[in-house]
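For reference, the structure is listed below as structure tokens.
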Amino acid sequence: MENKDTVKTPYNHTPNAWALFPLVVFLFTYLVVSILAGDFYKMPITVAFSIASVVAIAQSKGGKLNNRIEQFCRGAANSNILLMVLIFILAGAFAQTAKAMGAIDASVNLALSILPDNLLVAGIFITACFISLSVGTSVGTVVALTPVAAGIAQKTGLDLSLMVGAVVGGAMFGDNLSFISDTTIVATRTQGCNMSDKFKANVLIALPVAVATTLIYIITSQSALPNTGSVTIDWIKVIPYLVVLITAISGVNVLLVLLIGIVLSGFVGLLTGGFGIWEWTASMGLGINNMGELIIVTLLAGGILEMIRFNGGIDWIILKLTSHVRTARGAELSIAGLVSFANLCTANNTIALIMAGPIAKDIATNFNIPAKRSASILDIFSCFVQGIIPYGAQLLMASGLAMISPIEIMQNLYYPYLLGFTTLLIILLRKRKV
């Protein structure tokens, strides 16, 4: 029997609870202060991350100050972090170009003409589910649909945070289920099971939750039914968004999808007289500048999370979660807690799965948990946490495009909350063969 001294961890660092303190500082300065102030705009998220960054560097055991700063910078320059920055840059340029050209208004009118008034929010959620399932990426879905959802909210008077929450929730549905999602690939490979088996285990939980979420969105939007009336659709201006959606669903790289959208929106804008060449470049510049806060937060978060990892914070979590497992139910709960904390500390569900997967496999083997079930638990809880943390790529992107606080969106994330709660309930109540 393995004791706590021989528990495997992904890094050769001494487990250290103190390493998690920067994360506590961020959560306090941003969430707690905002709640106490009764206003989520009182404490800018960039300031909260800056304070946490100073704490992370100050308390690190990385030697001289210059060495600690370099360690922080290595985290900020991580390839996954820089990829997110590139996506933010192109997404900002595309969103602003499409808006200036009239693509968003045209797409909103198309959506209003297709969806009944009482199904607008639910329709956006279902659309996000379909796109994310096809694309396999939640970020790409958020990029494609958030501007349209925000436009519908502005035109109809529906709650903006409700509309954007529907987009993020639907995006996480596909991220968790899609065969081409990186989280699905990592979860199945680390647990040694087939994708189809993991999909069957997941869909039995995710699909009923998605149906329940759809009903909630229908009910919650009944009290503010919009009167959209008749709308005129400018079809040529819809083309850029249709092409973006089609190429995304076809599996084209998200950066290439956004680049195609920028070029196509620009050509349509020039063709229709929506703007001139210099107005086009100005729109791209404005869109990129609007992503400045997201880029700053992403870089700072990358640095902080690297300091937490380097100083043994994640190892401490792994040690505590795996050292007292005695039953199969406890093993499943430890797998859920393991990947959840890893995701909380990395803000990247794929990286969290890579870190937690091998340890989860050992736990599952020791307690005879089927590989498809451990893979399902890993993927569900990684997507659950990723979809609700205010410093994750999905909420940062959605809040940046919609110009609202991540906390406002979190209040309407029915799907991730229900998914996590339902899965936890199943773990606690499911009968096991003796």
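Starting from 1 in every chain, residues are counted up; chains themselves are A, B, ... following the order of the structure tokens, and ligands are numbered from 1 as listed.
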**Request:** Please provide the set of residues having any atom within 10 Å of Val47 (chain A), restricted to only C-alpha atoms, with same-chain residues fewer than 4 positions apart removed, written as a ChimeraX atom specification.
**Result:** /A:26,29-30,43,51-53,297
**Request:** Pull the alpha helix (DSSP H) assignments for region 105-250 of chain A out of DSSP run on the backbone, and list those residues as a ChimeraX atom specification.
**Result:** /A:105-114,120-135,138-156,160-177,182-191,195-220,235-249
**Asked** Leaving out Thr146 (chain A) and any residue of its chain fewer than 6 positions from it, which residues lie within 7 Å of it when counting only C-alpha atoms, given as JSON, numbers by chain?
**Response** {"A": [164, 167, 398, 401, 402]}
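Closest approach to Asn194 (chain A) from the set A:Ser376, A:Ser60, A:Gln386, A:Ser340 is made by A:Ser376, with distances taken over only C-alpha atoms.
Every protein or nucleic acid residue with an atom no more than 8 Å from Glu332 (chain A), counting only C-alpha atoms and leaving out same-chain residues fewer than 4 positions away, appears here: Ala328, Ala336, Ala364, Ile369, Ser374, Ile377 and Ile427 of chain A.
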Grab the residues selected above and save them as a tab-separated table (two decimals), in the first residue's frame with all heavy atoms.
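Output (part14.tsv):
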```tsv
chain	number	residue	atom	x	y	z
A	328	ALA	N	-13.65	3.35	-3.09
A	328	ALA	CA	-13.82	3.71	-4.50
A	328	ALA	C	-14.50	5.08	-4.62
A	328	ALA	O	-14.14	5.88	-5.48
A	328	ALA	CB	-14.65	2.65	-5.21
A	336	ALA	N	-11.77	13.90	-8.85
A	336	ALA	CA	-12.49	15.14	-9.16
A	336	ALA	C	-11.81	16.34	-8.50
A	336	ALA	O	-11.63	17.39	-9.13
A	336	ALA	CB	-13.94	15.03	-8.68
A	364	ALA	N	-7.34	5.16	-10.02
A	364	ALA	CA	-8.40	4.36	-10.63
A	364	ALA	C	-8.03	2.88	-10.67
A	364	ALA	O	-8.86	2.00	-10.39
A	364	ALA	CB	-8.69	4.87	-12.04
A	369	ILE	N	-11.61	1.31	-10.58
A	369	ILE	CA	-12.54	2.23	-11.25
A	369	ILE	C	-12.32	2.10	-12.75
A	369	ILE	O	-11.18	2.21	-13.23
A	369	ILE	CB	-12.29	3.68	-10.81
A	369	ILE	CG1	-12.53	3.83	-9.30
A	369	ILE	CG2	-13.17	4.66	-11.58
A	369	ILE	CD1	-12.10	5.16	-8.74
A	374	SER	N	-13.11	7.12	-14.96
A	374	SER	CA	-12.11	8.06	-14.47
A	374	SER	C	-11.85	9.15	-15.52
A	374	SER	O	-11.68	10.33	-15.18
A	374	SER	CB	-10.81	7.35	-14.11
A	374	SER	OG	-10.25	6.70	-15.24
A	377	ILE	N	-14.84	11.57	-15.33
A	377	ILE	CA	-14.75	12.45	-14.16
A	377	ILE	C	-13.70	13.52	-14.37
A	377	ILE	O	-13.92	14.71	-14.08
A	377	ILE	CB	-14.44	11.62	-12.89
A	377	ILE	CG1	-15.63	10.72	-12.55
A	377	ILE	CG2	-14.12	12.54	-11.72
A	377	ILE	CD1	-15.34	9.74	-11.43
A	427	ILE	N	-21.54	10.72	-8.04
A	427	ILE	CA	-20.43	10.06	-7.36
A	427	ILE	C	-20.83	9.68	-5.93
A	427	ILE	O	-20.52	8.58	-5.45
A	427	ILE	CB	-19.19	10.98	-7.33
A	427	ILE	CG1	-18.62	11.16	-8.73
A	427	ILE	CG2	-18.11	10.41	-6.40
A	427	ILE	CD1	-17.49	12.16	-8.82
```
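Across the structure, CA of Lys99 (chain A) and CA of Tyr391 (chain A) are spaced 25.7 Å apart.
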